[in-house]
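Next comes final_18.cif, with mmCIF, C-alpha atoms.
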data_start
#
loop_
_atom_site.label_atom_id
_atom_site.label_comp_id
_atom_site.auth_asym_id
_atom_site.auth_seq_id
_atom_site.Cartn_x
_atom_site.Cartn_y
_atom_site.Cartn_z
CA MET A 29 -38.38 -37.90 21.68
CA PRO A 30 -36.24 -34.89 20.58
CA THR A 31 -35.23 -34.65 16.95
CA ASP A 32 -32.00 -33.35 15.45
CA PRO A 33 -32.07 -29.86 13.91
CA PRO A 34 -31.94 -29.67 10.12
CA THR A 35 -28.44 -30.13 8.75
CA GLY A 36 -26.54 -26.85 8.57
CA SER A 37 -28.63 -24.95 11.13
CA ALA A 38 -27.97 -24.26 14.78
CA PRO A 39 -30.22 -25.93 17.38
CA GLY A 40 -33.39 -23.89 17.56
CA GLY A 41 -32.31 -21.75 14.59
CA PRO A 42 -33.98 -21.39 11.19
CA ALA A 43 -33.47 -24.05 8.59
CA PRO A 44 -31.52 -23.02 5.50
CA SER A 45 -33.59 -22.32 2.41
CA ALA A 46 -33.99 -25.47 0.37
CA ALA A 47 -34.58 -23.42 -2.76
CA ARG A 48 -31.29 -21.48 -2.65
CA ARG A 49 -28.48 -23.40 -4.32
CA VAL A 50 -26.03 -20.57 -5.03
CA SER A 51 -24.75 -18.15 -2.41
CA ARG A 52 -26.30 -14.71 -2.27
CA ARG A 53 -22.86 -13.20 -2.75
CA VAL A 54 -22.29 -14.97 -6.06
CA GLY A 55 -25.93 -15.04 -7.11
CA VAL A 56 -26.06 -11.27 -7.59
CA VAL A 57 -22.96 -11.13 -9.80
CA THR A 58 -23.69 -10.19 -13.40
CA PRO A 59 -21.57 -12.07 -15.96
CA SER A 60 -19.18 -9.93 -17.98
CA SER A 61 -21.18 -8.36 -20.80
CA THR A 62 -18.11 -7.75 -22.93
CA MET A 63 -16.91 -11.34 -22.69
CA ALA A 64 -20.44 -12.61 -23.33
CA ALA A 65 -20.77 -10.46 -26.46
CA ASP A 66 -17.38 -11.60 -27.68
CA ALA A 67 -18.19 -15.27 -27.02
CA ARG A 68 -21.51 -14.99 -28.81
CA ALA A 69 -19.90 -13.38 -31.85
CA LYS A 70 -17.19 -16.04 -32.00
CA ALA A 71 -19.78 -18.81 -31.67
CA LEU A 72 -21.73 -17.40 -34.60
CA GLN A 73 -18.55 -17.11 -36.63
CA SER A 74 -17.73 -20.76 -35.86
CA ALA A 75 -21.21 -21.68 -37.07
CA GLY A 76 -20.44 -20.06 -40.42
CA ARG A 77 -22.14 -16.69 -39.89
CA PRO A 78 -20.20 -13.74 -41.39
CA VAL A 79 -20.26 -11.77 -38.13
CA VAL A 80 -17.93 -8.79 -37.75
CA ASN A 81 -16.85 -8.73 -34.12
CA LEU A 82 -16.52 -5.16 -32.84
CA ALA A 83 -17.10 -6.33 -29.27
CA ALA A 84 -13.73 -7.88 -28.47
CA GLY A 85 -11.28 -5.80 -26.45
CA GLU A 86 -8.08 -7.34 -27.77
CA PRO A 87 -5.56 -6.51 -30.49
CA ASP A 88 -5.74 -8.67 -33.60
CA SER A 89 -1.96 -8.88 -33.99
CA PRO A 90 -0.05 -11.95 -32.75
CA THR A 91 2.25 -11.81 -29.75
CA ALA A 92 5.81 -10.85 -30.76
CA ASP A 93 8.11 -13.70 -31.84
CA HIS A 94 10.75 -13.02 -29.18
CA VAL A 95 8.06 -13.28 -26.49
CA VAL A 96 6.76 -16.59 -27.84
CA GLU A 97 10.30 -17.95 -28.08
CA ALA A 98 10.92 -17.06 -24.43
CA ALA A 99 7.81 -19.03 -23.50
CA VAL A 100 8.99 -22.04 -25.51
CA ARG A 101 12.34 -22.01 -23.69
CA ALA A 102 10.56 -21.77 -20.36
CA ALA A 103 8.29 -24.70 -21.22
CA ARG A 104 11.40 -26.82 -21.80
CA ASP A 105 13.05 -25.80 -18.53
CA PRO A 106 12.31 -28.37 -15.79
CA ALA A 107 12.57 -25.63 -13.15
CA MET A 108 9.46 -24.06 -14.69
CA HIS A 109 7.52 -27.29 -14.16
CA ARG A 110 7.40 -26.70 -10.41
CA TYR A 111 5.71 -24.33 -7.99
CA THR A 112 7.29 -20.87 -7.80
CA PRO A 113 6.66 -17.92 -5.43
CA VAL A 114 3.06 -16.72 -5.22
CA GLY A 115 4.15 -13.12 -5.73
CA GLY A 116 5.71 -13.88 -9.10
CA LEU A 117 9.04 -14.95 -10.53
CA PRO A 118 11.76 -12.68 -9.10
CA GLU A 119 12.91 -11.79 -12.61
CA LEU A 120 9.40 -10.70 -13.58
CA ARG A 121 8.90 -8.59 -10.47
CA GLU A 122 12.23 -6.91 -11.22
CA ALA A 123 11.20 -6.38 -14.85
CA ILE A 124 7.92 -4.78 -13.74
CA VAL A 125 9.81 -2.40 -11.45
CA ALA A 126 12.17 -1.45 -14.29
CA LYS A 127 9.28 -1.04 -16.78
CA THR A 128 7.35 1.14 -14.33
CA LEU A 129 10.34 3.42 -13.82
CA ARG A 130 11.04 3.53 -17.57
CA ASP A 131 7.49 4.26 -18.71
CA SER A 132 5.97 6.07 -15.72
CA GLY A 133 8.87 7.53 -13.77
CA LEU A 134 7.55 5.75 -10.67
CA SER A 135 10.10 4.10 -8.37
CA ALA A 136 9.24 0.88 -6.54
CA GLN A 137 10.78 -2.28 -5.12
CA PRO A 138 10.12 -5.87 -6.24
CA THR A 139 8.39 -6.47 -2.90
CA ASP A 140 5.84 -3.81 -3.93
CA VAL A 141 4.69 -6.02 -6.84
CA LEU A 142 2.23 -8.92 -7.00
CA VAL A 143 1.94 -10.77 -10.32
CA THR A 144 -1.65 -11.81 -11.06
CA ALA A 145 -3.60 -13.78 -13.64
CA GLY A 146 -4.36 -10.70 -15.74
CA GLY A 147 -5.38 -7.18 -14.82
CA LYS A 148 -8.84 -8.33 -13.83
CA GLN A 149 -7.47 -10.36 -10.93
CA ALA A 150 -5.23 -7.46 -9.95
CA VAL A 151 -8.24 -5.12 -9.71
CA SER A 152 -10.26 -7.66 -7.72
CA GLN A 153 -7.48 -8.41 -5.25
CA ALA A 154 -6.58 -4.76 -4.73
CA LEU A 155 -10.20 -4.04 -3.84
CA ALA A 156 -10.43 -7.09 -1.60
CA ALA A 157 -7.34 -5.96 0.26
CA LEU A 158 -8.63 -2.42 0.80
CA LEU A 159 -12.41 -2.58 1.29
CA ASP A 160 -14.55 -3.54 4.25
CA PRO A 161 -18.33 -4.09 4.06
CA GLY A 162 -20.13 -0.84 3.35
CA ASP A 163 -17.09 1.11 2.13
CA GLU A 164 -18.00 3.32 -0.81
CA VAL A 165 -15.96 3.48 -4.00
CA LEU A 166 -16.19 6.46 -6.34
CA LEU A 167 -16.46 5.05 -9.85
CA PRO A 168 -16.10 7.39 -12.84
CA THR A 169 -18.75 6.29 -15.32
CA PRO A 170 -18.94 5.04 -18.10
CA HIS A 171 -16.88 2.32 -16.45
CA TRP A 172 -15.42 -1.05 -17.37
CA THR A 173 -18.09 -3.68 -16.80
CA THR A 174 -16.03 -5.59 -14.19
CA TYR A 175 -15.41 -2.70 -11.80
CA PRO A 176 -18.78 -2.58 -9.97
CA GLU A 177 -18.94 -6.37 -9.66
CA ALA A 178 -15.43 -6.52 -8.19
CA ILE A 179 -16.35 -3.75 -5.75
CA ARG A 180 -19.47 -5.60 -4.60
CA LEU A 181 -17.64 -8.92 -4.24
CA ALA A 182 -15.15 -7.13 -1.97
CA GLY A 183 -18.04 -5.87 0.18
CA GLY A 184 -17.93 -2.35 -1.15
CA VAL A 185 -20.59 -0.09 -2.62
CA PRO A 186 -19.97 1.38 -6.09
CA VAL A 187 -20.92 5.05 -6.40
CA PRO A 188 -21.11 6.03 -10.10
CA VAL A 189 -19.89 9.50 -10.99
CA VAL A 190 -21.25 10.04 -14.50
CA ALA A 191 -19.65 12.03 -17.31
CA ASP A 192 -21.01 12.20 -20.85
CA GLU A 193 -19.76 13.19 -24.29
CA ALA A 194 -20.15 16.89 -23.47
CA SER A 195 -17.09 16.67 -21.20
CA GLY A 196 -15.31 14.09 -23.33
CA TYR A 197 -16.34 11.50 -20.70
CA LEU A 198 -13.99 13.10 -18.15
CA VAL A 199 -15.14 13.50 -14.55
CA SER A 200 -14.13 16.60 -12.63
CA VAL A 201 -12.90 17.05 -9.09
CA GLY A 202 -16.12 18.93 -8.39
CA GLN A 203 -18.18 15.90 -9.38
CA LEU A 204 -16.03 13.58 -7.29
CA GLU A 205 -16.26 15.84 -4.26
CA ALA A 206 -20.05 16.09 -4.63
CA ALA A 207 -20.27 12.27 -4.57
CA ARG A 208 -17.97 11.83 -1.56
CA THR A 209 -19.55 10.87 1.78
CA PRO A 210 -18.17 9.88 5.19
CA ARG A 211 -18.24 6.26 3.95
CA THR A 212 -16.10 6.94 0.88
CA ARG A 213 -12.94 4.86 1.10
CA LEU A 214 -11.52 4.73 -2.39
CA LEU A 215 -11.44 6.18 -5.91
CA LEU A 216 -11.16 3.72 -8.80
CA PHE A 217 -9.47 5.65 -11.61
CA CYS A 218 -8.75 4.59 -15.21
CA SER A 219 -7.09 6.73 -17.89
CA PRO A 220 -7.03 5.92 -20.80
CA ALA A 221 -10.48 4.59 -20.10
CA ASN A 222 -12.46 1.59 -21.18
CA PRO A 223 -15.08 1.94 -22.75
CA THR A 224 -14.64 5.53 -23.91
CA GLY A 225 -10.96 5.91 -24.78
CA ALA A 226 -10.99 9.16 -22.80
CA VAL A 227 -7.64 10.41 -21.49
CA HIS A 228 -7.37 12.89 -18.62
CA PRO A 229 -4.76 15.61 -19.30
CA PRO A 230 -1.80 15.53 -16.88
CA GLU A 231 -2.95 18.64 -15.03
CA GLU A 232 -6.36 17.04 -14.36
CA VAL A 233 -4.74 13.79 -13.19
CA ALA A 234 -2.60 15.78 -10.77
CA GLU A 235 -5.62 17.74 -9.55
CA ILE A 236 -7.54 14.51 -8.90
CA GLY A 237 -4.54 13.06 -7.07
CA ARG A 238 -4.17 16.12 -4.83
CA TRP A 239 -7.89 16.05 -4.09
CA ALA A 240 -7.77 12.35 -3.14
CA LEU A 241 -4.77 13.00 -0.91
CA ALA A 242 -6.49 15.88 0.87
CA ALA A 243 -9.66 13.80 1.28
CA GLY A 244 -7.71 10.92 2.83
CA LEU A 245 -8.84 8.46 0.17
CA TRP A 246 -7.16 5.42 -1.33
CA VAL A 247 -6.79 5.28 -5.11
CA VAL A 248 -6.67 2.23 -7.33
CA THR A 249 -5.48 3.39 -10.75
CA ASP A 250 -5.84 1.04 -13.71
CA GLU A 251 -3.11 1.83 -16.23
CA ILE A 252 -3.54 -1.10 -18.62
CA TYR A 253 -3.88 1.23 -21.65
CA GLU A 254 -1.14 3.69 -20.66
CA GLN A 255 0.98 3.11 -23.79
CA LEU A 256 -1.91 3.41 -26.26
CA THR A 257 -2.50 7.16 -26.66
CA TYR A 258 -2.84 9.35 -29.77
CA ASP A 259 -2.63 12.92 -31.08
CA GLY A 260 0.11 13.82 -28.62
CA ALA A 261 -1.94 12.82 -25.57
CA THR A 262 -0.08 11.23 -22.67
CA ALA A 263 -1.30 9.13 -19.76
CA PRO A 264 1.00 9.83 -16.81
CA SER A 265 0.78 7.64 -13.74
CA LEU A 266 -1.19 9.34 -10.98
CA PRO A 267 1.25 8.55 -8.12
CA ALA A 268 4.15 9.73 -10.29
CA LEU A 269 2.48 13.15 -10.58
CA VAL A 270 1.49 13.23 -6.91
CA PRO A 271 4.25 11.28 -5.10
CA GLU A 272 2.73 12.03 -1.69
CA LEU A 273 -0.18 9.79 -2.68
CA GLN A 274 1.96 6.72 -3.37
CA PRO A 275 1.54 5.28 0.17
CA ARG A 276 -2.25 5.24 -0.46
CA CYS A 277 -2.25 4.20 -4.12
CA VAL A 278 -2.30 0.85 -5.92
CA VAL A 279 -1.36 0.74 -9.62
CA VAL A 280 -2.85 -2.01 -11.78
CA ASN A 281 -1.31 -2.96 -15.11
CA GLY A 282 -0.48 -5.90 -17.36
CA VAL A 283 0.88 -7.09 -20.69
CA ALA A 284 -2.48 -7.88 -22.31
CA LYS A 285 -3.17 -4.81 -24.38
CA ALA A 286 0.03 -3.05 -25.48
CA TYR A 287 1.86 -6.34 -26.05
CA ALA A 288 -1.04 -8.22 -27.69
CA MET A 289 -0.99 -10.85 -24.92
CA THR A 290 -4.60 -11.05 -23.76
CA GLY A 291 -4.57 -14.85 -23.66
CA TRP A 292 -1.37 -15.15 -21.66
CA ARG A 293 -3.11 -13.83 -18.50
CA VAL A 294 -0.33 -11.84 -16.84
CA GLY A 295 -1.05 -8.67 -14.91
CA TRP A 296 0.14 -7.12 -11.70
CA LEU A 297 -0.61 -4.72 -8.92
CA LEU A 298 1.99 -2.40 -7.49
CA GLY A 299 1.50 -0.60 -4.21
CA PRO A 300 2.40 -0.27 -0.54
CA ALA A 301 4.09 -3.38 0.81
CA ASP A 302 1.40 -4.12 3.42
CA VAL A 303 -1.41 -3.99 0.85
CA VAL A 304 0.59 -6.16 -1.56
CA ALA A 305 1.24 -8.66 1.24
CA GLY A 306 -2.47 -8.84 2.02
CA ALA A 307 -3.39 -9.36 -1.63
CA MET A 308 -0.65 -11.98 -1.89
CA ALA A 309 -2.02 -13.87 1.11
CA LEU A 310 -5.41 -13.95 -0.59
CA GLN A 311 -3.88 -15.17 -3.84
CA SER A 312 -2.01 -17.91 -2.00
CA HIS A 313 -5.38 -19.46 -1.13
CA THR A 314 -7.02 -18.95 -4.53
CA THR A 315 -4.93 -19.24 -7.68
CA GLY A 316 -1.41 -19.38 -6.29
CA HIS A 317 1.23 -18.17 -8.71
CA VAL A 318 0.63 -17.38 -12.37
CA SER A 319 1.79 -19.91 -14.99
CA ASN A 320 5.58 -19.89 -15.08
CA VAL A 321 5.60 -20.09 -18.88
CA ALA A 322 3.37 -17.03 -19.18
CA GLN A 323 5.53 -15.16 -16.65
CA ALA A 324 8.66 -15.90 -18.67
CA ALA A 325 6.90 -14.53 -21.75
CA ALA A 326 6.01 -11.37 -19.82
CA VAL A 327 9.65 -10.86 -18.82
CA ALA A 328 10.60 -10.93 -22.50
CA ALA A 329 7.79 -8.54 -23.40
CA LEU A 330 8.69 -5.96 -20.77
CA SER A 331 12.48 -6.23 -21.05
CA GLY A 332 12.97 -6.90 -24.76
CA ASP A 333 12.42 -5.03 -28.00
CA GLN A 334 9.66 -2.41 -27.53
CA SER A 335 9.21 -1.52 -31.20
CA GLY A 336 6.09 -3.70 -31.44
CA VAL A 337 4.27 -1.38 -29.03
CA ALA A 338 4.93 1.63 -31.25
CA GLU A 339 3.84 -0.33 -34.33
CA LEU A 340 0.61 -1.39 -32.64
CA ARG A 341 -0.08 2.19 -31.55
CA ALA A 342 0.38 3.47 -35.12
CA THR A 343 -1.92 0.79 -36.49
CA LEU A 344 -4.60 1.51 -33.92
CA ASP A 345 -4.34 5.23 -34.57
CA ARG A 346 -5.09 4.67 -38.25
CA ARG A 347 -8.10 2.51 -37.43
CA ARG A 348 -9.29 5.03 -34.83
CA ARG A 349 -9.47 7.78 -37.43
CA THR A 350 -11.31 5.49 -39.84
CA VAL A 351 -13.98 4.36 -37.39
CA VAL A 352 -14.66 7.84 -36.06
CA ARG A 353 -15.02 9.26 -39.57
CA MET A 354 -17.39 6.50 -40.68
CA LEU A 355 -19.53 6.62 -37.54
CA ARG A 356 -19.93 10.38 -37.85
CA GLU A 357 -21.44 9.82 -41.29
CA ILE A 358 -24.43 8.02 -39.70
CA PRO A 359 -27.30 10.45 -38.95
CA GLY A 360 -28.24 10.31 -35.26
CA ILE A 361 -24.85 9.15 -33.99
CA ALA A 362 -22.56 11.46 -32.02
CA CYS A 363 -19.03 10.07 -31.76
CA PRO A 364 -16.35 11.84 -29.72
CA GLU A 365 -12.81 11.11 -30.90
CA PRO A 366 -11.00 8.98 -28.30
CA GLN A 367 -7.41 9.81 -27.36
CA GLY A 368 -6.46 6.43 -25.96
CA ALA A 369 -7.12 2.68 -25.70
CA PHE A 370 -8.85 1.12 -28.74
CA TYR A 371 -12.54 1.84 -28.31
CA VAL A 372 -15.08 4.38 -29.50
CA TYR A 373 -18.19 5.09 -27.45
CA PRO A 374 -20.74 6.82 -29.67
CA SER A 375 -24.03 8.15 -28.37
CA VAL A 376 -27.03 6.54 -30.12
CA GLY A 377 -29.76 8.19 -28.09
CA ALA A 378 -31.12 10.01 -31.14
CA LEU A 379 -31.79 6.66 -32.83
CA LEU A 380 -33.86 5.22 -30.00
CA GLY A 381 -37.61 5.25 -30.45
CA ARG A 382 -37.27 5.52 -34.23
CA PRO A 383 -38.13 2.75 -36.71
CA ILE A 384 -35.08 0.91 -38.06
CA ALA A 385 -35.58 -1.84 -40.65
CA GLY A 386 -39.20 -2.20 -39.61
CA ARG A 387 -38.49 -2.32 -35.87
CA THR A 388 -38.51 0.38 -33.22
CA VAL A 389 -35.83 -0.07 -30.57
CA ALA A 390 -36.21 1.57 -27.17
CA THR A 391 -32.77 0.91 -25.67
CA SER A 392 -29.15 0.64 -26.75
CA ALA A 393 -29.26 -3.01 -25.67
CA GLU A 394 -32.07 -3.62 -28.17
CA LEU A 395 -30.12 -1.72 -30.80
CA ALA A 396 -27.10 -3.95 -30.24
CA GLU A 397 -29.33 -7.00 -30.70
CA LEU A 398 -30.73 -5.53 -33.92
CA LEU A 399 -27.23 -4.90 -35.25
CA LEU A 400 -26.24 -8.50 -34.58
CA GLU A 401 -29.44 -9.91 -36.04
CA ARG A 402 -29.81 -7.73 -39.15
CA ALA A 403 -26.28 -6.49 -39.89
CA GLN A 404 -24.31 -9.34 -38.30
CA VAL A 405 -22.18 -6.87 -36.38
CA ALA A 406 -21.37 -7.48 -32.71
CA VAL A 407 -21.08 -4.44 -30.41
CA VAL A 408 -21.54 -3.93 -26.65
CA PRO A 409 -24.40 -1.72 -25.44
CA GLY A 410 -23.89 1.12 -22.99
CA GLU A 411 -25.94 -0.69 -20.34
CA ALA A 412 -22.85 -2.82 -19.70
CA PHE A 413 -20.85 0.27 -18.76
CA GLY A 414 -23.38 2.09 -16.61
CA THR A 415 -24.68 4.54 -19.25
CA PRO A 416 -27.53 3.36 -21.48
CA GLY A 417 -27.87 5.09 -24.82
CA TYR A 418 -24.38 4.31 -26.11
CA LEU A 419 -22.51 1.56 -27.91
CA ARG A 420 -18.92 0.43 -27.45
CA LEU A 421 -17.02 -0.58 -30.56
CA SER A 422 -13.48 -1.93 -30.52
CA TYR A 423 -11.29 -0.95 -33.45
CA ALA A 424 -8.55 -3.47 -32.57
CA LEU A 425 -9.30 -5.67 -35.58
CA GLY A 426 -8.20 -5.81 -39.20
CA ASP A 427 -8.67 -2.68 -41.33
CA ASP A 428 -10.86 -4.36 -43.94
CA GLU A 429 -13.00 -6.09 -41.33
CA LEU A 430 -13.42 -2.84 -39.41
CA VAL A 431 -14.53 -0.95 -42.49
CA GLU A 432 -16.94 -3.73 -43.44
CA GLY A 433 -18.48 -3.77 -39.96
CA VAL A 434 -19.07 -0.02 -39.83
CA ARG A 435 -20.30 -0.03 -43.44
CA ARG A 436 -22.99 -2.53 -42.41
CA MET A 437 -23.90 -0.26 -39.50
CA GLN A 438 -24.17 2.68 -41.88
CA GLN A 439 -26.46 0.72 -44.15
CA LEU A 440 -28.79 -0.46 -41.37
CA LEU A 441 -28.86 2.64 -39.17
CA GLY A 442 -29.02 4.99 -42.13
CA SER A 443 -32.54 3.65 -42.74
CA ALA A 444 -33.81 5.02 -39.40
CA GLY A 445 -37.06 6.91 -39.87
#

Mind turning this structure into structure tokens?
Amino acid sequence: MPTDPPTGSAPGGPAPSAARRVSRRVGVVTPSSTMAADARAKALQSAGRPVVNLAAGEPDSPTADHVVEAAVRAARDPAMHRYTPVGGLPELREAIVAKTLRDSGLSAQPTDVLVTAGGKQAVSQALAALLDPGDEVLLPTPHWTTYPEAIRLAGGVPVPVVADEASGYLVSVGQLEAARTPRTRLLLFCSPANPTGAVHPPEEVAEIGRWALAAGLWVVTDEIYEQLTYDGATAPSLPALVPELQPRCVVVNGVAKAYAMTGWRVGWLLGPADVVAGAMALQSHTTGHVSNVAQAAAVAALSGDQSGVAELRATLDRRRRTVVRMLREIPGIACPEPQGAFYVYPSVGALLGRPIAGRTVATSAELAELLLERAQVAVVPGEAFGTPGYLRLSYALGDDELVEGVRRMQQLLGSAG
């Protein structure tokens, strides 16, 4: 008597693996190292440990009062208790267009904008809308920990293009061209950069844009740190410098960093209408629209008083100078001075293989563990960003706490044999 095939398999086909419970696509995803380090530090702090958290990539200042008040008004408005358009509140899309023209000189229409649940979702959906399986993405490295995972989830293949402290962590057109193949579809560009704080000068941004245009590539440019630059550095928008590239460019941005709104989860992508429509269709089947209350807060942030951004930049600049000076006092650490964002990315290669507090560490990941265990300082190792032998420290925390954290590092690492 014939028997039925195993559930989930075609007649005569192989049975599904009983041991596999999670899809291969999701099973290969590495959890965010930065968020894991931050969560671990906060858990230890909650348990009463005096941990200094240099891992978190968020400003310590509260969101501006006028932004919070706008959210309170929205929460009391019954219209905000209902579904709204997937693409974002019309007033927010208009505010993003106005902000982009004001800060970047880039003209767009509200239909070119998709509001997302933070910049991370904007990056992921831009890649999903542009990549097919096997498409290669040039990824300047060190890179934000999420980029390669988002590329893989979209079916793409990340191709690291590595720069080190000798070049100020800036990749050149020559390096990008050497990494390009017939399968290259896209360049993922970020300036100011996470984790290094590196900022490409305008002439280099324009050169990269012209090269991408001539090569027929798409560009996704992450501009989340655009307003946080120092020492006269500027971070112009790539499609504003090379307007001919705008039909093949998607800009990612959000309110998280410059407006101290990491927890509000409002970002956006801005690009060609057909790409935005595709990303919007995807979002309509995943998250739908972003919280109306958070969107109302973002309107106030982008359209209201901008003095808080300048104040935050001045505060971060002071802390930047402090952390660089103190790190450079540690023998074996080489610390380039960042020109943007709120991170330093010192090289610790000279400390590896040397005894520190009775232990010899072989990797920057082990060194980060030692710092947490012995100095109670949380940092993120370079392995998370594609370049072992480095540490990422955020200086977006209180002045006294920052000094205490680096002082502990000086005390522990200064004992290296």

Between atom CA of A:Ala83 and atom CA of A:Asp427, what is the distance, to one decimal in Å? 15.2 Å

So the first atom is atom CA of A:Arg347 and the second is atom CA of A:Asp428; what is the distance between them in Å, to one decimal place?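 Here the two named atoms are 9.9 Å from each other.
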
Neighbour list for A:Pro168 as a compact mmCIF listing (two decimals) with C-alpha atoms, in the coordinates of the input, cut-off 9 Å, only C-alpha atoms, skip fewer than 4 positions in-chain:
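The resulting file, result_21.txt, is reproduced below:
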# COMPACT_ATOMS: atom_id res chain seq x y z
CA VAL A 187 -20.92 5.05 -6.40
CA PRO A 188 -21.11 6.03 -10.10
CA VAL A 189 -19.89 9.50 -10.99
CA VAL A 190 -21.25 10.04 -14.50
CA ALA A 191 -19.65 12.03 -17.31
CA TYR A 197 -16.34 11.50 -20.70
CA LEU A 198 -13.99 13.10 -18.15
CA VAL A 199 -15.14 13.50 -14.55
CA LEU A 204 -16.03 13.58 -7.29
CA LEU A 215 -11.44 6.18 -5.91
CA LEU A 216 -11.16 3.72 -8.80
CA PHE A 217 -9.47 5.65 -11.61
CA CYS A 218 -8.75 4.59 -15.21

Tell me, as a list in words, which residues lie within 7 Å of stretch 60-67 of chain A, counting only C-alpha atoms; anything in the same chain fewer than 3 positions away does not count.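 Non-adjacent residues within range: Lys70, Ala71, Ala83, Ala84, Thr173, Thr174, Ala406, Val408 and Ala412 of chain A.
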
Translate the PyMOL selection byres ((chain A and resi 145) around 8) into a concrete residue list for this structure, as a VMD selection string. chain A and resid 143 to 144 146 to 150 293 to 296 318

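When atom CA of A:Arg402 is paired with atom CA of A:Gly414, their separation reads 25.4 Å.
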
Given the PyMOL selection byres ((chain A and resi 410) around 10), the residues it picks as a ChimeraX atom specification: /A:170-171,173,223,373-376,391-393,396,407-409,411-420

Using all atoms listed in the file, find the one residue out of A:Leu266, A:Val114, A:Pro230, A:Ser200 that sits nearest to A:His313.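 Using all atoms listed in the file, A:His313 sits closest to A:Val114.
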
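Under the PyMOL selection byres ((chain A and resi 242) around 12), the matching residues in the shown file are Val201, Glu205, Glu235, Ile236, Gly237, Arg238, Trp239, Ala240, Leu241, Ala243, Gly244, Leu245, Trp246, Val270, Glu272, Leu273 and Arg276 of chain A.
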
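The residue that comes closest to A:Leu181, out of A:Arg387, A:Arg52, A:His317, A:Arg356 and on the basis of only C-alpha atoms, is A:Arg52.
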
Excluding A:Glu251 and its own-chain neighbours fewer than 5 positions away, which residues fall within 10 Å of it when counting all atoms listed in the file? Please give them as a PyMOL selection string. chain A and resi 147+217-221+263-266+279-282

Would you give me, as a tab-separated table, each residue of stretch 299-393 of chain A having an atom within 9 Å of an atom of stretch 151-156 of chain A, along with its shortest atom pair and that distance in Å to one decimal, using only C-alpha atoms and sorting by chain and residue number?
residue	atom	partner	partner_atom	distance
A:Val303	CA	A:Ala154	CA	7.6
A:Val304	CA	A:Ala154	CA	8.0
A:Gly306	CA	A:Gln153	CA	8.8
A:Ala307	CA	A:Gln153	CA	5.5
A:Met308	CA	A:Gln153	CA	8.4
A:Leu310	CA	A:Gln153	CA	7.5
A:Gln311	CA	A:Gln153	CA	7.8

Nearest-residue call for A:Ala226, choices A:Gly386, A:Pro106, A:Gly196, A:Gly360, using all atoms listed in the file: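 Ranked by minimum distance to A:Ala226, first place goes to A:Gly196.
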
I'd like to know which of A:Ala322, A:Ala178, A:Val80, A:Leu158 is closest to A:Pro300, using all atoms listed in the file.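 Checking each of A:Ala322, A:Ala178, A:Val80, A:Leu158 against A:Pro300, counting all atoms listed in the file, the winner is A:Leu158.
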
Measuring atom to atom with all atoms listed in the file, identify which of A:His228, A:His94, A:Arg213, A:Arg49 is nearest to A:Gly336.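 Ranked by minimum distance to A:Gly336, first place goes to A:His94.
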
If we count all atoms listed in the file and set the cut-off at 8 Å, which residues sit around stretch 436-444 of chain A, ignoring sequence neighbours fewer than 4 positions away in its own chain? Please answer as a VMD selection string. chain A and resid 354 to 355 357 to 359 379 382 to 385 399 402 to 403 405 432

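Nearest-residue note for A:Gln203: choosing from A:Ala390, A:Leu166, A:Ala329, A:Val141, the minimum distance belongs to A:Leu166, counting all atoms listed in the file.
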
Can you fill out stretch 66-75 of chain A with N, CA and C atoms and hand it back as an mmCIF file, in the frame of the given file?
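The resulting file, rebuild-v9.cif, is reproduced below:
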data_model
loop_
_atom_site.group_PDB
_atom_site.id
_atom_site.type_symbol
_atom_site.label_atom_id
_atom_site.label_comp_id
_atom_site.auth_asym_id
_atom_site.auth_seq_id
_atom_site.Cartn_x
_atom_site.Cartn_y
_atom_site.Cartn_z
ATOM 1 N N ASP A 66 -18.469 -11.050 -26.889
ATOM 2 C CA ASP A 66 -17.380 -11.600 -27.680
ATOM 3 C C ASP A 66 -17.583 -13.096 -27.932
ATOM 4 N N ALA A 67 -17.968 -13.823 -26.882
ATOM 5 C CA ALA A 67 -18.190 -15.270 -27.020
ATOM 6 C C ALA A 67 -19.330 -15.563 -27.987
ATOM 7 N N ARG A 68 -20.378 -14.768 -27.915
ATOM 8 C CA ARG A 68 -21.510 -14.990 -28.810
ATOM 9 C C ARG A 68 -21.109 -14.740 -30.262
ATOM 10 N N ALA A 69 -20.343 -13.681 -30.495
ATOM 11 C CA ALA A 69 -19.900 -13.380 -31.850
ATOM 12 C C ALA A 69 -19.014 -14.496 -32.393
ATOM 13 N N LYS A 70 -18.097 -14.990 -31.557
ATOM 14 C CA LYS A 70 -17.190 -16.040 -32.000
ATOM 15 C C LYS A 70 -17.943 -17.350 -32.251
ATOM 16 N N ALA A 71 -18.971 -17.612 -31.449
ATOM 17 C CA ALA A 71 -19.780 -18.810 -31.670
ATOM 18 C C ALA A 71 -20.514 -18.734 -33.001
ATOM 19 N N LEU A 72 -21.047 -17.570 -33.320
ATOM 20 C CA LEU A 72 -21.730 -17.400 -34.600
ATOM 21 C C LEU A 72 -20.760 -17.513 -35.762
ATOM 22 N N GLN A 73 -19.559 -16.971 -35.586
ATOM 23 C CA GLN A 73 -18.550 -17.110 -36.630
ATOM 24 C C GLN A 73 -18.183 -18.576 -36.847
ATOM 25 N N SER A 74 -18.049 -19.323 -35.746
ATOM 26 C CA SER A 74 -17.730 -20.760 -35.860
ATOM 27 C C SER A 74 -18.836 -21.525 -36.554
ATOM 28 N N ALA A 75 -20.061 -21.023 -36.423
ATOM 29 C CA ALA A 75 -21.210 -21.680 -37.070
ATOM 30 C C ALA A 75 -21.357 -21.251 -38.530
#
